[in-house]
Amino acid sequence: MPLLSWLIVLPLLGAIVVALLPARRPEVVFPVALGVSTAPLGLACYILWVFDAGSPGVQFGEFHSISDTFGLSWTLGIDGISLFMVLLTVILFTLSIAASRSITHKTKTYMALLLVLEAACIGVFLALDLLVFFAFFEFVLIPMYLLILIWGSGDSSRAALKFVLFTAFGSAFLLAGIIVLSILAGDTVGTASSFSFFAALATDLSDTAQFWLFLAFGIGFAIKVPMFPFHTWLPDAHTQAPTAGSVVLAGVLLKLGAYGFIRFNLTLFPDATVQLGLILAVLGVIGIIYGAAAATVQPDFKRVIAYSSVSHMGFILLGTFALTSQALGGSIFVMISHGLTTGALFLLIGMIYDRTHTRVIADYGGLAKTMPIYGGIFLFAVFASAGLPSLSGFIGEFLVLIGSYLTLPVLAISAGFGVILAAVYLLWMYERIFHGPVVNPKIEALKDLNFREIAIMVPLVVLIIGLGVYPKPVLDRVQPSVEIILDRIEGITGHEAPEFGRDGDLSVQVSADSVNGTNHGDGDG
Amino acid sequence: MTDLLWLVIAIPLAMATINILIGRRLGEPLSGILATVAVGVSFVLAAIPAVDFIAGTGEPVTIRLFTWIPTMGVEAELLWDPLSMLLTLIVTGVGALIHLYSIGYMHGDERFPRFFSFLNLFIGSMLILVLAANYAIMFIGWELVGLCSYLLISFWFTKPTAAAAGKKAFIVNRIGDWGFLIALMLLFASFGTFDFGVIFATAPAVLSVGMATAITLMLFAAATGKSAQIPLYVWLPDAMEGPTPVSALIHAATMVAAGVFMMARSAVLFELAPATGVVVAIVGVATALLAAVIAMAQKDIKKVLAYSTISQLGYMVLAIGVGAYSAGIFHMTTHAFFKALLFLGAGSVIHAMAGEQDMPKMGGLRKLLPITFLTMAAAWLAISGIFPFSGFWSKDEILAATFNEGGVFYVLWLVGVVVALLTAFYMTRLMVMTFFGSGRWDEGVEPHESPASMTIPLIVLGLFTVGIGFINTPFRLGFEHFLDPAFQGVAHPEEMSAALIWTLAALTTVVTLGGIAWAWARYRRSELPAESGVWWRRALGGFFVDDFYGDVIVAPSRAAADLAVTTDEKALDGVAYGLGSGVKSLGTTLRPVQSGKVRSYAGVLAIAGIVLIVAMVIIGGGF
């Protein structure tokens, strides 16, 4: 059975089921949507269970040709990196749906759109055909745009438009890059064009071609990440989106760009990566500091978290382009952890917004007094986001900082400064919302979290502690895929990543050629 | 027995979790009693294997629990040696007493179970810090105790000053932690591991003097945060907003000593960096002096003790700077007892005075609070350094070691002696204003001795305060030799002649007695002296260092943050919108039939086509 195709199809089927529900029974929409969203969650957990941790290449490969002439195919595969991106996606979508109880306007459409969006996100992480990848990557925009537009608050149409314009602008470059690359790859395999990732991998690209392709792909991904200075769409989109939209946007959609950088830029354009990586790492560090600084003075707490995302994404960029195994593994870990912690924060903000309909920090104060459970869980999420050791946020940041010091010492030290700023903006926000006397009479009357809301938070709390205390299961599966990328870069460019601290068992010494061979085998079978 | 050592950490952490989840159901005394028992059990579990070390037969062992971060080879490992053993016993022993005290002190508090949960979490975190076998695990404990400090300082969070103080403590500590992080980067780049065993064994061969200096300076930067030294000490006086047992446990006896402990643990590295030693010694002694001067003018009883703690930590840091690691740890040990006692005593006084902390409103409590008075008097003599109380032995050892370094260190020694004088002064001032003379209480205040759960810890700590100094005297350096296994590869300080030691000790004793007499004469009158001179006011305000930091650091940072926001809204968005409207009009031209937003998307795709063609031409040209 083609497991990975099912992973994409299941949410789509779920969307159809939800859409076909009888209009006169609105109360069944929520439980049905929640129920169907557990199908991909279960399947992804099964894949995690049977995933071969030691193998560096893609697993569960699927290959069905669509057009031999143009080298277009339905090629799917999963490696240690995409495995956890998919898991993050399915977990956050299920929780987002569970948190969408308060949606009463066009519930069916809302739930169906979320499920369609889930399918598209999973597709991005699994696709190994460039055009299919691009199709999913772009398709994500449509449900997200509608979610912000219809269920958003405030000036949602402006925010939705800004979101689409920014990312579509980047996508134009990405599409151009993909078409050019497919023509070059077509030469290699003897067809008019080839969108196969493996064909691209086997193509010997000139330095010039790599340079321009890196830029074309890079702009597309940089806007999606978002990387400074392309980040200004993010705070608006986050702020106006409904809760589930914000969770998915921060938790999953931002990872699409970072994932793209690792999967395509690093892997396919190694010479350009070594040449241009420093610029991206510098922009990443600027993003860390800039995002954190801007977060401190935001009056709206969704904007605080939005800017904190800009800051965290900076860590991912730094870790990605430091080109050491610790840093790259760390940046993937940041991606996972940021999804969990920021997801938790947006879910929590949604819960209070459902009660008060205000996100202005100044409207609050003393909330920990009236909602102690809420205050406790929120504080937990705040410290998780601030990278407290023993929680998941620390592992990734720590790996990125230590790992990137080996190649980019000044940037790593500067990035460390961001750790201070994270404490400043998060604790200051917390103080203003939760501490001090209760002045607003509305706050006095609020009810603490109910059972459903606590149940939504528990999995995230458990995962955040679990990954912080025992990150080994994740790192064991991610690292072989990281090593293979770095080994390819080393093999082609002669760029040497320092060897310190590498665990002997984990450093997978496979040459780029043999990897291509293996992967082709998997794909065809 | 060391197999069960992980339980020493796990039991308080488990109890903390239980109290978080079902503390409310356990209710008032029970949640506190269980928490106290948990720490007591930890103490016993640590004391059993400790017997070997005390008997002199123990060997340091590392206990591997599991692999934490495989890609950096970080193991979750515990190191059980005399140094970690000592700290473990102090943390759990003093900790258990303070838990017991808190049952009485926190009586009636709405969040009673929550308080004990945080205290237990602190004990567990502090034990991670002291028992760590590598810098990465130590950093976990290091940050977690900071978290507990935050939680407990802002425990009464509806009070804005308490909330602000907790935040300030965490953020100021994080500034120091930046140093810790940089040290970790340097260590990993140099050694490829964080493991103490590997690092200390190979450091002399691996590290250049420059790298050793950089690493130790960064570690010291971290210590200035946690151990409240110049320039990062400003959080500790504010931390007094927390309940008094917290001040005793975290902000006097244990957590603030973590910086000193961490530097002592890294003794091998500090030995390789003499330049760092000089910086450390100077900062330590300067902090000791500054804080002592400020303490002289404080009116709030807890503020006196807070600045006193900073000052005493300065002594310990001085000890590290002059390479007298055992002496530093020794003073940390004695200080843990007498300062915890002073804080708990102050808590008892505050309890008796119905929450009053202002010393000018106290007085004459000697007869009404006899146990509190007697035990605090022991601590007063100990911190002042009067023979044979514990502080005498430990402080003198540091001063003697400083003197022994010679050269510029004579100056540091002299400052240290002056600090001893000021210490005697401000502590005597505190005792006289609180316990002697006539009562200057507000109306309605009826002082009374505290319940047994509070006085028993005072008595136990009092006994230690008197006796603990004898574990290491110039005649019998039992403590120093006991710590030897923890300081392998570190040279013992040069032996000093007995005559010199006793001369120096006699000299400081005379100076100390002078300080006591000065304060006694000044405050043992019917009217309190005015203390209204300009220097008194400056010292009372802590020389306005907080305001200075506000102007020089906080305000410009705030401006920078505002600038970032303006840049986003004006510059970056401006460019984007400019581009956007260009695209939009292009879209209109190309596809006049479509309307609204979809048109813009079409425009973007049209641009894509153009970019594509251009790119192909460029790349095609590149072949």
# chains A, B, ... in the order shown; residues from 1 in each chain; ligands from 1
$ residues_around --residues "stretch 304-311 of chain A" --least-positions-apart "6" --cutoff "6 Å" --atoms "only C-alpha atoms" --output "PyMOL selection string"
chain A and resi 235+287-288+291-292+295+298
$ atom_distance --atom1 "atom CA of B:Met431" --atom2 "atom CA of B:Trp502"
28.4 Å
$ select_by_dssp --residues "stretch 296-405 of chain A" --states "alpha helix (DSSP H)" --output "PyMOL selection string"
chain A and resi 296+301-321+325-356+367-370+372-385+392-405
$ atom_distance --atom1 "atom CA of B:Leu374" --atom2 "atom CA of B:Thr455"
10.9 Å
$ residues_around --residues "A:Leu266" --least-positions-apart "3" --cutoff "10 Å" --atoms "only C-alpha atoms" --output "list in words"
Phe214, Gly260, Phe261, Ile262, Arg263, Phe269, Pro270, Asp271, Ala272, Thr273, Val274, Gly277, Thr320, Phe321, Leu323, Ile485, Leu486, Arg488 and Ile489 of chain A
$ write_last_selection --atoms "N, CA and C atoms" --output "PDB file, in the first residue's frame"
ATOM      1  N   PHE A 214      20.199  29.096  -7.022  1.00  0.00           N
ATOM      2  CA  PHE A 214      20.163  29.297  -5.569  1.00  0.00           C
ATOM      3  C   PHE A 214      19.376  30.554  -5.234  1.00  0.00           C
ATOM      4  N   GLY A 260      12.462  23.943   2.509  1.00  0.00           N
ATOM      5  CA  GLY A 260      12.882  24.122   1.123  1.00  0.00           C
ATOM      6  C   GLY A 260      14.364  24.446   1.015  1.00  0.00           C
ATOM      7  N   PHE A 261      14.824  25.338   1.891  1.00  0.00           N
ATOM      8  CA  PHE A 261      16.247  25.674   1.889  1.00  0.00           C
ATOM      9  C   PHE A 261      17.099  24.424   2.068  1.00  0.00           C
ATOM     10  N   ILE A 262      16.718  23.603   3.034  1.00  0.00           N
ATOM     11  CA  ILE A 262      17.551  22.437   3.338  1.00  0.00           C
ATOM     12  C   ILE A 262      17.436  21.398   2.227  1.00  0.00           C
ATOM     13  N   ARG A 263      16.207  21.114   1.827  1.00  0.00           N
ATOM     14  CA  ARG A 263      16.001  20.052   0.837  1.00  0.00           C
ATOM     15  C   ARG A 263      16.568  20.428  -0.533  1.00  0.00           C
ATOM     16  N   PHE A 269      22.444  22.705  -4.688  1.00  0.00           N
ATOM     17  CA  PHE A 269      23.390  23.750  -5.136  1.00  0.00           C
ATOM     18  C   PHE A 269      24.523  23.921  -4.117  1.00  0.00           C
ATOM     19  N   PRO A 270      25.326  22.910  -3.918  1.00  0.00           N
ATOM     20  CA  PRO A 270      26.321  22.979  -2.835  1.00  0.00           C
ATOM     21  C   PRO A 270      27.341  24.100  -3.018  1.00  0.00           C
ATOM     22  N   ASP A 271      27.804  24.313  -4.244  1.00  0.00           N
ATOM     23  CA  ASP A 271      28.807  25.365  -4.438  1.00  0.00           C
ATOM     24  C   ASP A 271      28.228  26.732  -4.090  1.00  0.00           C
ATOM     25  N   ALA A 272      27.006  26.959  -4.569  1.00  0.00           N
ATOM     26  CA  ALA A 272      26.369  28.248  -4.275  1.00  0.00           C
ATOM     27  C   ALA A 272      26.085  28.365  -2.780  1.00  0.00           C
ATOM     28  N   THR A 273      25.778  27.246  -2.132  1.00  0.00           N
ATOM     29  CA  THR A 273      25.520  27.282  -0.698  1.00  0.00           C
ATOM     30  C   THR A 273      26.738  27.761   0.057  1.00  0.00           C
ATOM     31  N   VAL A 274      27.891  27.188  -0.307  1.00  0.00           N
ATOM     32  CA  VAL A 274      29.121  27.594   0.378  1.00  0.00           C
ATOM     33  C   VAL A 274      29.429  29.056   0.078  1.00  0.00           C
ATOM     34  N   GLY A 277      26.092  31.174   1.538  1.00  0.00           N
ATOM     35  CA  GLY A 277      25.536  30.820   2.843  1.00  0.00           C
ATOM     36  C   GLY A 277      25.773  31.885   3.890  1.00  0.00           C
ATOM     37  N   THR A 320      21.203  26.428   9.515  1.00  0.00           N
ATOM     38  CA  THR A 320      21.241  25.787   8.205  1.00  0.00           C
ATOM     39  C   THR A 320      22.511  26.131   7.444  1.00  0.00           C
ATOM     40  N   PHE A 321      22.889  27.405   7.507  1.00  0.00           N
ATOM     41  CA  PHE A 321      24.004  27.821   6.648  1.00  0.00           C
ATOM     42  C   PHE A 321      25.356  27.829   7.362  1.00  0.00           C
ATOM     43  N   LEU A 323      26.561  25.043   8.176  1.00  0.00           N
ATOM     44  CA  LEU A 323      27.105  23.849   7.535  1.00  0.00           C
ATOM     45  C   LEU A 323      27.938  22.973   8.463  1.00  0.00           C
ATOM     46  N   ILE A 485      23.540  15.224   3.598  1.00  0.00           N
ATOM     47  CA  ILE A 485      23.555  16.520   2.913  1.00  0.00           C
ATOM     48  C   ILE A 485      24.927  17.164   3.065  1.00  0.00           C
ATOM     49  N   LEU A 486      25.435  17.151   4.292  1.00  0.00           N
ATOM     50  CA  LEU A 486      26.732  17.784   4.530  1.00  0.00           C
ATOM     51  C   LEU A 486      27.859  17.024   3.825  1.00  0.00           C
ATOM     52  N   ARG A 488      27.619  15.470   1.054  1.00  0.00           N
ATOM     53  CA  ARG A 488      27.548  15.819  -0.363  1.00  0.00           C
ATOM     54  C   ARG A 488      28.218  17.175  -0.593  1.00  0.00           C
ATOM     55  N   ILE A 489      27.925  18.121   0.301  1.00  0.00           N
ATOM     56  CA  ILE A 489      28.540  19.440   0.170  1.00  0.00           C
ATOM     57  C   ILE A 489      30.054  19.327   0.301  1.00  0.00           C
TER      58      ILE A 489
END
$ residues_around --residues "B:Gly284" --least-positions-apart "6" --cutoff "7 Å" --atoms "only C-alpha atoms" --output "list in words"
Gln229, Gly314, Tyr315, Val317 and Leu318 of chain B
$ closest_residue --among "B:Phe115, B:Phe157, B:Tyr101, B:Phe122" --to "chain A" --atoms "only C-alpha atoms"
B:Phe157
$ atom_distance --atom1 "atom CA of A:His357" --atom2 "atom CA of A:Glu118"
27.0 Å
$ residues_around --residues "B:Leu368" --least-positions-apart "5" --cutoff "8 Å" --atoms "only C-alpha atoms" --output "NGL selection string"
:B and (447-449)
$ write_last_selection --atoms "N, CA and C atoms" --output "mmCIF file, in the first residue's frame"
data_model
loop_
_atom_site.group_PDB
_atom_site.id
_atom_site.type_symbol
_atom_site.label_atom_id
_atom_site.label_comp_id
_atom_site.auth_asym_id
_atom_site.auth_seq_id
_atom_site.Cartn_x
_atom_site.Cartn_y
_atom_site.Cartn_z
ATOM 1 N N PRO B 447 4.354 41.957 69.096
ATOM 2 C CA PRO B 447 5.345 40.938 68.746
ATOM 3 C C PRO B 447 5.216 39.692 69.615
ATOM 4 N N HIS B 448 5.474 38.531 68.974
ATOM 5 C CA HIS B 448 5.365 37.259 69.689
ATOM 6 C C HIS B 448 6.359 36.304 69.047
ATOM 7 N N GLU B 449 6.846 35.344 69.842
ATOM 8 C CA GLU B 449 7.787 34.371 69.273
ATOM 9 C C GLU B 449 7.058 33.484 68.274
#
$ closest_residue --among "B:Met126, B:Ala561, B:Leu504, B:Val198" --to "chain A" --atoms "only C-alpha atoms"
B:Ala561
$ closest_residue --among "B:Ala50, B:Ile171, B:Ile18, B:Leu119" --to "B:Ser102" --atoms "only C-alpha atoms"
B:Leu119
$ residues_around --residues "A:Gln479" --least-positions-apart "2" --cutoff "12 Å" --atoms "only C-alpha atoms" --output "PyMOL selection string"
(chain A and resi 53-57+79-81+84+324-333+471-477+481-487+502-508) or (chain B and resi 69-72)
$ residues_around --residues "B:Ala519" --least-positions-apart "2" --cutoff "6 Å" --atoms "only C-alpha atoms" --output "list in words"
Phe425, Thr428, Arg429, Ile516, Ala517, Ala521, Arg522 and Tyr523 of chain B
$ write_last_selection --atoms "all heavy atoms" --output "mmCIF file, in the first residue's frame"
data_model
loop_
_atom_site.group_PDB
_atom_site.id
_atom_site.type_symbol
_atom_site.label_atom_id
_atom_site.label_comp_id
_atom_site.auth_asym_id
_atom_site.auth_seq_id
_atom_site.Cartn_x
_atom_site.Cartn_y
_atom_site.Cartn_z
ATOM 1 N N PHE B 425 30.068 46.493 61.537
ATOM 2 C CA PHE B 425 29.257 47.676 61.801
ATOM 3 C C PHE B 425 27.793 47.465 61.420
ATOM 4 O O PHE B 425 26.884 47.633 62.223
ATOM 5 C CB PHE B 425 29.835 48.885 61.045
ATOM 6 C CG PHE B 425 29.003 50.133 61.212
ATOM 7 C CD1 PHE B 425 29.240 51.015 62.261
ATOM 8 C CD2 PHE B 425 27.963 50.429 60.324
ATOM 9 C CE1 PHE B 425 28.465 52.158 62.424
ATOM 10 C CE2 PHE B 425 27.187 51.567 60.486
ATOM 11 C CZ PHE B 425 27.434 52.428 61.527
ATOM 12 N N THR B 428 25.961 44.817 63.523
ATOM 13 C CA THR B 428 25.667 45.276 64.875
ATOM 14 C C THR B 428 24.522 46.283 64.845
ATOM 15 O O THR B 428 23.614 46.260 65.686
ATOM 16 C CB THR B 428 26.922 45.913 65.479
ATOM 17 O OG1 THR B 428 28.021 45.018 65.329
ATOM 18 C CG2 THR B 428 26.726 46.216 66.944
ATOM 19 N N ARG B 429 24.565 47.159 63.840
ATOM 20 C CA ARG B 429 23.484 48.133 63.664
ATOM 21 C C ARG B 429 22.145 47.411 63.536
ATOM 22 O O ARG B 429 21.151 47.779 64.158
ATOM 23 C CB ARG B 429 23.786 48.978 62.427
ATOM 24 C CG ARG B 429 22.690 49.940 61.985
ATOM 25 C CD ARG B 429 23.194 50.789 60.817
ATOM 26 N NE ARG B 429 22.146 51.626 60.234
ATOM 27 C CZ ARG B 429 21.334 51.224 59.253
ATOM 28 N NH1 ARG B 429 21.438 50.004 58.752
ATOM 29 N NH2 ARG B 429 20.421 52.051 58.766
ATOM 30 N N ILE B 516 32.200 46.640 65.723
ATOM 31 C CA ILE B 516 31.075 46.369 66.621
ATOM 32 C C ILE B 516 30.912 47.503 67.624
ATOM 33 O O ILE B 516 29.809 48.009 67.864
ATOM 34 C CB ILE B 516 31.287 45.008 67.333
ATOM 35 C CG1 ILE B 516 31.195 43.870 66.311
ATOM 36 C CG2 ILE B 516 30.266 44.816 68.450
ATOM 37 C CD1 ILE B 516 31.460 42.496 66.879
ATOM 38 N N ALA B 517 32.049 47.924 68.195
ATOM 39 C CA ALA B 517 32.015 48.981 69.221
ATOM 40 C C ALA B 517 31.468 50.280 68.633
ATOM 41 O O ALA B 517 30.648 50.973 69.246
ATOM 42 C CB ALA B 517 33.417 49.186 69.783
ATOM 43 N N ALA B 521 28.109 51.955 69.997
ATOM 44 C CA ALA B 521 28.104 53.293 70.583
ATOM 45 C C ALA B 521 27.109 54.192 69.857
ATOM 46 O O ALA B 521 26.434 55.025 70.457
ATOM 47 C CB ALA B 521 29.505 53.882 70.515
ATOM 48 N N ARG B 522 27.013 54.009 68.542
ATOM 49 C CA ARG B 522 26.188 54.900 67.740
ATOM 50 C C ARG B 522 24.692 54.611 67.886
ATOM 51 O O ARG B 522 23.873 55.531 67.901
ATOM 52 C CB ARG B 522 26.608 54.743 66.279
ATOM 53 C CG ARG B 522 26.078 55.804 65.345
ATOM 54 C CD ARG B 522 26.675 55.619 63.945
ATOM 55 N NE ARG B 522 25.696 56.011 62.946
ATOM 56 C CZ ARG B 522 25.510 57.275 62.542
ATOM 57 N NH1 ARG B 522 26.247 58.236 63.031
ATOM 58 N NH2 ARG B 522 24.593 57.557 61.633
ATOM 59 N N TYR B 523 24.333 53.339 67.976
ATOM 60 C CA TYR B 523 22.910 52.992 67.943
ATOM 61 C C TYR B 523 22.322 52.610 69.288
ATOM 62 O O TYR B 523 21.124 52.505 69.430
ATOM 63 C CB TYR B 523 22.677 51.853 66.935
ATOM 64 C CG TYR B 523 22.966 52.317 65.536
ATOM 65 C CD1 TYR B 523 24.207 52.095 64.944
ATOM 66 C CD2 TYR B 523 22.014 53.060 64.819
ATOM 67 C CE1 TYR B 523 24.501 52.563 63.681
ATOM 68 C CE2 TYR B 523 22.297 53.527 63.559
ATOM 69 C CZ TYR B 523 23.546 53.282 62.986
ATOM 70 O OH TYR B 523 23.810 53.764 61.748
#
$ select_by_dssp --residues "stretch 44-224 of chain A" --states "strand (DSSP E or B)" --output "number ranges by chain"
A: 59-67, 72-78, 127, 129, 196
$ write_last_selection --atoms "N, CA and C atoms" --output "PDB file, in the first residue's frame"
ATOM      1  N   GLN A  59      12.735   6.920   2.466  1.00  0.00           N
ATOM      2  CA  GLN A  59      12.086   5.633   2.669  1.00  0.00           C
ATOM      3  C   GLN A  59      10.644   5.718   2.176  1.00  0.00           C
ATOM      4  N   PHE A  60      10.012   4.561   2.058  1.00  0.00           N
ATOM      5  CA  PHE A  60       8.619   4.469   1.591  1.00  0.00           C
ATOM      6  C   PHE A  60       8.451   5.145   0.229  1.00  0.00           C
ATOM      7  N   GLY A  61       9.482   5.062  -0.620  1.00  0.00           N
ATOM      8  CA  GLY A  61       9.449   5.773  -1.894  1.00  0.00           C
ATOM      9  C   GLY A  61       8.289   5.320  -2.778  1.00  0.00           C
ATOM     10  N   GLU A  62       7.712   6.250  -3.517  1.00  0.00           N
ATOM     11  CA  GLU A  62       6.664   5.950  -4.492  1.00  0.00           C
ATOM     12  C   GLU A  62       7.024   6.659  -5.781  1.00  0.00           C
ATOM     13  N   PHE A  63       6.775   5.985  -6.889  1.00  0.00           N
ATOM     14  CA  PHE A  63       7.072   6.615  -8.167  1.00  0.00           C
ATOM     15  C   PHE A  63       6.014   6.229  -9.197  1.00  0.00           C
ATOM     16  N   HIS A  64       5.332   7.211  -9.743  1.00  0.00           N
ATOM     17  CA  HIS A  64       4.387   6.976 -10.835  1.00  0.00           C
ATOM     18  C   HIS A  64       4.593   8.070 -11.869  1.00  0.00           C
ATOM     19  N   SER A  65       4.958   7.653 -13.044  1.00  0.00           N
ATOM     20  CA  SER A  65       5.233   8.659 -14.063  1.00  0.00           C
ATOM     21  C   SER A  65       3.931   9.327 -14.509  1.00  0.00           C
ATOM     22  N   ILE A  66       3.991  10.636 -14.698  1.00  0.00           N
ATOM     23  CA  ILE A  66       2.830  11.351 -15.227  1.00  0.00           C
ATOM     24  C   ILE A  66       3.072  11.664 -16.689  1.00  0.00           C
ATOM     25  N   SER A  67       4.253  12.188 -16.963  1.00  0.00           N
ATOM     26  CA  SER A  67       4.591  12.471 -18.358  1.00  0.00           C
ATOM     27  C   SER A  67       6.065  12.163 -18.548  1.00  0.00           C
ATOM     28  N   LEU A  72       7.819  14.415 -15.716  1.00  0.00           N
ATOM     29  CA  LEU A  72       6.973  14.789 -14.584  1.00  0.00           C
ATOM     30  C   LEU A  72       6.448  13.517 -13.938  1.00  0.00           C
ATOM     31  N   SER A  73       6.491  13.460 -12.629  1.00  0.00           N
ATOM     32  CA  SER A  73       6.063  12.222 -11.968  1.00  0.00           C
ATOM     33  C   SER A  73       5.518  12.504 -10.575  1.00  0.00           C
ATOM     34  N   TRP A  74       4.773  11.533 -10.091  1.00  0.00           N
ATOM     35  CA  TRP A  74       4.277  11.573  -8.713  1.00  0.00           C
ATOM     36  C   TRP A  74       5.292  10.797  -7.880  1.00  0.00           C
ATOM     37  N   THR A  75       6.298  11.506  -7.392  1.00  0.00           N
ATOM     38  CA  THR A  75       7.350  10.854  -6.627  1.00  0.00           C
ATOM     39  C   THR A  75       7.273  11.338  -5.183  1.00  0.00           C
ATOM     40  N   LEU A  76       7.118  10.405  -4.281  1.00  0.00           N
ATOM     41  CA  LEU A  76       7.069  10.757  -2.866  1.00  0.00           C
ATOM     42  C   LEU A  76       8.145   9.981  -2.125  1.00  0.00           C
ATOM     43  N   GLY A  77       8.588  10.534  -1.046  1.00  0.00           N
ATOM     44  CA  GLY A  77       9.557   9.838  -0.203  1.00  0.00           C
ATOM     45  C   GLY A  77       9.683  10.577   1.111  1.00  0.00           C
ATOM     46  N   ILE A  78      10.174   9.884   2.103  1.00  0.00           N
ATOM     47  CA  ILE A  78      10.289  10.512   3.419  1.00  0.00           C
ATOM     48  C   ILE A  78      11.645  10.164   4.002  1.00  0.00           C
ATOM     49  N   ALA A 127       6.849  15.530  -1.374  1.00  0.00           N
ATOM     50  CA  ALA A 127       7.042  15.535  -2.822  1.00  0.00           C
ATOM     51  C   ALA A 127       8.523  15.544  -3.177  1.00  0.00           C
ATOM     52  N   ASP A 129       9.193  15.454  -6.601  1.00  0.00           N
ATOM     53  CA  ASP A 129       9.170  15.955  -7.966  1.00  0.00           C
ATOM     54  C   ASP A 129       8.995  17.459  -7.843  1.00  0.00           C
ATOM     55  N   SER A 196      12.321  15.514 -11.704  1.00  0.00           N
ATOM     56  CA  SER A 196      12.691  14.587 -10.643  1.00  0.00           C
ATOM     57  C   SER A 196      13.798  15.174  -9.774  1.00  0.00           C
TER      58      SER A 196
END
$ closest_residue --among "B:Ser390, B:Thr244, B:Thr465, B:Ser557" --to "B:Gly104" --atoms "only C-alpha atoms"
B:Thr244
$ closest_residue --among "B:Ala214, B:Val74, B:Leu341, B:Ala165" --to "B:Ala377" --atoms "only C-alpha atoms"
B:Leu341
